[in-house]
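J.: Shown below is the structure under consideration.
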Amino acid sequence: MTEGQAGAPTTLLLLRHGETALTSQRRISGSGGGDPALSATGRRQAEAVAGALAARGTVQDVVSSPLARCRETARTVALRLGLDVTIDEGLREADYGAWEGLTFAEVRERFPQELAAWRRSPTVAPGRTGETFASVSRRVSRSRDRILARHAGRTVLVVSHVAPLRTLVRLALGAPPASLFRMELAAASVSVLSYDSHGTASVRALNDISHLG
């Protein structure tokens, strides 16, 4: 199908960006620190997912976070598919405050009480000045609603980060905030959500990395 059809489901392919230097070191990289580009590995991952999605042949629109690692991943795929990239500010990664650039092991060592509180409650800001998961959920919900309204009945590639993508999956499942810590979304992984014409969601795939070999 080349155009959205009334009553047809809207499919969101959730693509996490490829690796950066911080990803491979398992360091926290939100929107409150630097804006790293893809590493050589990340660029290869973007090319691999572009090839897989081109073979799939169903993507009609591409929407991306404004951060460099997502824009580069999205651009690589979009070029292969002959599509443009739309930027949605609401898809940016969470701001992790003073935790930016640290590993979670380092956060656990330096800020054990803050980390425990953050894991218990979506209203606690990471790194004291970061963005709460409650805030992430509100803005990601708005982005989701915009995408569903503008691309109804179509298949949309959504290129974003761990926190926003986990949030989209959590909201689709109607799961509690604690479920965010129980999802693995690897770099360049694809997850799939489907929404019927009434907005009812189903999760069709999670953390697919088969295209990475």
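So you can find residues: chains in the structure tokens are A, B, ... in the order shown, residues in each start at 1, and ligands are numbered from 1 in order.
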Taking only stretch 2-173 of chain A into account, list the residues labelled alpha helix (DSSP H) by DSSP (computed from the backbone), as a PyMOL selection string.
T.: chain A and resi 21-24+40-56+68-81+104-110+112-120+133-150+162-173
J.: Might you pull out every residue within 8 Å of A:Phe133, with only C-alpha atoms counted and same-chain residues fewer than 2 positions away left off, and present them as number ranges by chain?
T.: A: 94, 122-125, 131, 135-137, 177
J.: I'd like the neighbourhood of A:Glu89 as a ChimeraX atom specification, where a residue qualifies if any of its atoms comes within 7 Å (using only C-alpha atoms), though same-chain residues fewer than 3 positions away should be ignored.
T.: /A:65-66,92
J.: From the options A:Val59, A:Ile87, A:Leu115, A:Ala172, which residue's atoms come nearest to A:Trp99, counting only C-alpha atoms?
T.: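 Comparing A:Val59, A:Ile87, A:Leu115, A:Ala172 against A:Trp99, the winner is A:Leu115.
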J.: Using the chain letters and numbers from this document, which residues of stretch 9-157 of chain A does DSSP assign to strand (DSSP E or B), as an MDAnalysis selection string?
T.: chainID A and resid 10:16 27 61:64 85:87 103 155:157
J.: To one decimal in Å, tell me the separation between atom CA of A:Arg26 and atom CA of A:Thr103.
T.: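 Computed distance, atom CA of A:Arg26 to atom CA of A:Thr103, equals 5.9 Å.
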J.: As a PDB file with all heavy atoms, in the first residue's frame, please: the residues near A:Leu171 (cut-off 9 Å, only C-alpha atoms, same-chain neighbours under 4 positions excluded).
T.:
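Contents of part.pdb, as written:
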```pdb
ATOM      1  N   SER A 137       7.487  10.398  29.707  1.00  0.00           N
ATOM      2  CA  SER A 137       6.231   9.752  29.287  1.00  0.00           C
ATOM      3  C   SER A 137       5.259  10.756  28.698  1.00  0.00           C
ATOM      4  O   SER A 137       4.616  10.488  27.670  1.00  0.00           O
ATOM      5  CB  SER A 137       5.590   9.037  30.481  1.00  0.00           C
ATOM      6  OG  SER A 137       4.405   8.389  30.093  1.00  0.00           O
ATOM      7  N   SER A 141       4.292  10.601  24.800  1.00  0.00           N
ATOM      8  CA  SER A 141       2.876  10.378  24.479  1.00  0.00           C
ATOM      9  C   SER A 141       2.385  11.392  23.453  1.00  0.00           C
ATOM     10  O   SER A 141       1.641  11.043  22.517  1.00  0.00           O
ATOM     11  CB  SER A 141       2.018  10.469  25.740  1.00  0.00           C
ATOM     12  OG  SER A 141       2.320   9.431  26.634  1.00  0.00           O
ATOM     13  N   ARG A 166      11.543   2.638  25.008  1.00  0.00           N
ATOM     14  CA  ARG A 166      10.988   1.803  26.085  1.00  0.00           C
ATOM     15  C   ARG A 166       9.642   2.374  26.545  1.00  0.00           C
ATOM     16  O   ARG A 166       8.711   1.609  26.854  1.00  0.00           O
ATOM     17  CB  ARG A 166      11.952   1.760  27.270  1.00  0.00           C
ATOM     18  CG  ARG A 166      13.153   0.870  27.088  1.00  0.00           C
ATOM     19  CD  ARG A 166      14.049   0.944  28.313  1.00  0.00           C
ATOM     20  NE  ARG A 166      15.170   0.027  28.247  1.00  0.00           N
ATOM     21  CZ  ARG A 166      16.164  -0.005  29.118  1.00  0.00           C
ATOM     22  NH1 ARG A 166      16.175   0.855  30.135  1.00  0.00           N
ATOM     23  NH2 ARG A 166      17.143  -0.872  28.991  1.00  0.00           N
ATOM     24  N   THR A 167       9.547   3.692  26.592  1.00  0.00           N
ATOM     25  CA  THR A 167       8.301   4.321  27.013  1.00  0.00           C
ATOM     26  C   THR A 167       7.174   4.013  26.034  1.00  0.00           C
ATOM     27  O   THR A 167       6.048   3.709  26.446  1.00  0.00           O
ATOM     28  CB  THR A 167       8.491   5.842  27.158  1.00  0.00           C
ATOM     29  OG1 THR A 167       9.459   6.091  28.186  1.00  0.00           O
ATOM     30  CG2 THR A 167       7.188   6.534  27.515  1.00  0.00           C
ATOM     31  N   ALA A 175       1.803  -1.111  30.764  1.00  0.00           N
ATOM     32  CA  ALA A 175       2.615  -1.639  31.860  1.00  0.00           C
ATOM     33  C   ALA A 175       3.035  -0.521  32.812  1.00  0.00           C
ATOM     34  O   ALA A 175       3.072   0.648  32.430  1.00  0.00           O
ATOM     35  CB  ALA A 175       3.851  -2.331  31.296  1.00  0.00           C
ATOM     36  N   PRO A 176       3.390  -0.865  34.053  1.00  0.00           N
ATOM     37  CA  PRO A 176       3.800   0.154  35.031  1.00  0.00           C
ATOM     38  C   PRO A 176       5.179   0.696  34.710  1.00  0.00           C
ATOM     39  O   PRO A 176       5.959   0.077  33.971  1.00  0.00           O
ATOM     40  CB  PRO A 176       3.805  -0.624  36.349  1.00  0.00           C
ATOM     41  CG  PRO A 176       4.071  -2.036  35.951  1.00  0.00           C
ATOM     42  CD  PRO A 176       3.359  -2.218  34.643  1.00  0.00           C
ATOM     43  N   ALA A 201      -3.324  -0.506  20.939  1.00  0.00           N
ATOM     44  CA  ALA A 201      -1.981  -0.906  20.536  1.00  0.00           C
ATOM     45  C   ALA A 201      -1.715  -2.381  20.788  1.00  0.00           C
ATOM     46  O   ALA A 201      -2.284  -2.991  21.695  1.00  0.00           O
ATOM     47  CB  ALA A 201      -0.954  -0.079  21.296  1.00  0.00           C
TER      48      ALA A 201
END
```
J.: Excluding same-chain residues fewer than 6 positions from A:Gln45, what lies within 12 Å of it counting only C-alpha atoms, as number ranges by chain?
T.: A: 15-20, 38-39, 51-52, 69, 72-74, 76-77, 186-190, 209-213
J.: Atom CA of A:Arg170 to atom CA of A:Arg182: how many Å, to one decimal?
T.: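 A separation of 10.2 Å between them.
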J.: Contacts of A:Leu81 at 10 Å or less, counting only C-alpha atoms, minus same-chain residues fewer than 2 places along, as a ChimeraX atom specification?
T.: /A:50-51,53-55,57-62,75-79,83-84
J.: Neighbours of A:His198 within 10 Å (only C-alpha atoms; same-chain residues fewer than 2 positions away dropped), as a CSV table (one decimal) with all heavy atoms, in the first residue's frame?
T.:
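Resulting contents of selection02.csv:
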```
chain,number,residue,atom,x,y,z
A,7,GLY,N,-9.2,3.2,8.3
A,7,GLY,CA,-9.4,1.9,9.1
A,7,GLY,C,-8.2,1.0,9.1
A,7,GLY,O,-8.2,0.1,9.9
A,9,PRO,N,-4.5,-0.3,10.0
A,9,PRO,CA,-3.6,-0.1,11.2
A,9,PRO,C,-2.5,0.8,10.9
A,9,PRO,O,-2.0,0.9,9.8
A,9,PRO,CB,-3.2,-1.5,11.6
A,9,PRO,CG,-3.2,-2.3,10.3
A,9,PRO,CD,-4.4,-1.7,9.6
A,195,TYR,N,-1.2,0.0,15.8
A,195,TYR,CA,-2.3,0.7,16.4
A,195,TYR,C,-3.5,0.5,15.5
A,195,TYR,O,-3.4,0.9,14.3
A,195,TYR,CB,-2.0,2.1,16.6
A,195,TYR,CG,-0.9,2.4,17.6
A,195,TYR,CD1,0.4,2.3,17.2
A,195,TYR,CD2,-1.2,2.7,19.0
A,195,TYR,CE1,1.5,2.6,18.1
A,195,TYR,CE2,-0.2,3.0,19.9
A,195,TYR,CZ,1.2,2.9,19.4
A,195,TYR,OH,2.2,3.1,20.3
A,196,ASP,N,-4.6,0.1,16.0
A,196,ASP,CA,-5.8,0.0,15.1
A,196,ASP,C,-6.4,1.4,15.0
A,196,ASP,O,-5.9,2.4,15.6
A,196,ASP,CB,-6.8,-1.1,15.6
A,196,ASP,CG,-7.5,-0.8,16.9
A,196,ASP,OD1,-7.4,0.4,17.4
A,196,ASP,OD2,-8.0,-1.7,17.6
A,200,THR,N,-6.0,1.4,19.7
A,200,THR,CA,-5.6,0.2,20.6
A,200,THR,C,-4.3,-0.3,20.0
A,200,THR,O,-4.2,-0.6,18.8
A,200,THR,CB,-6.7,-0.8,20.6
A,200,THR,OG1,-7.9,-0.3,21.0
A,200,THR,CG2,-6.3,-2.0,21.5
A,201,ALA,N,-3.3,-0.5,20.9
A,201,ALA,CA,-2.0,-0.9,20.5
A,201,ALA,C,-1.7,-2.4,20.8
A,201,ALA,O,-2.3,-3.0,21.7
A,201,ALA,CB,-1.0,-0.1,21.3
```
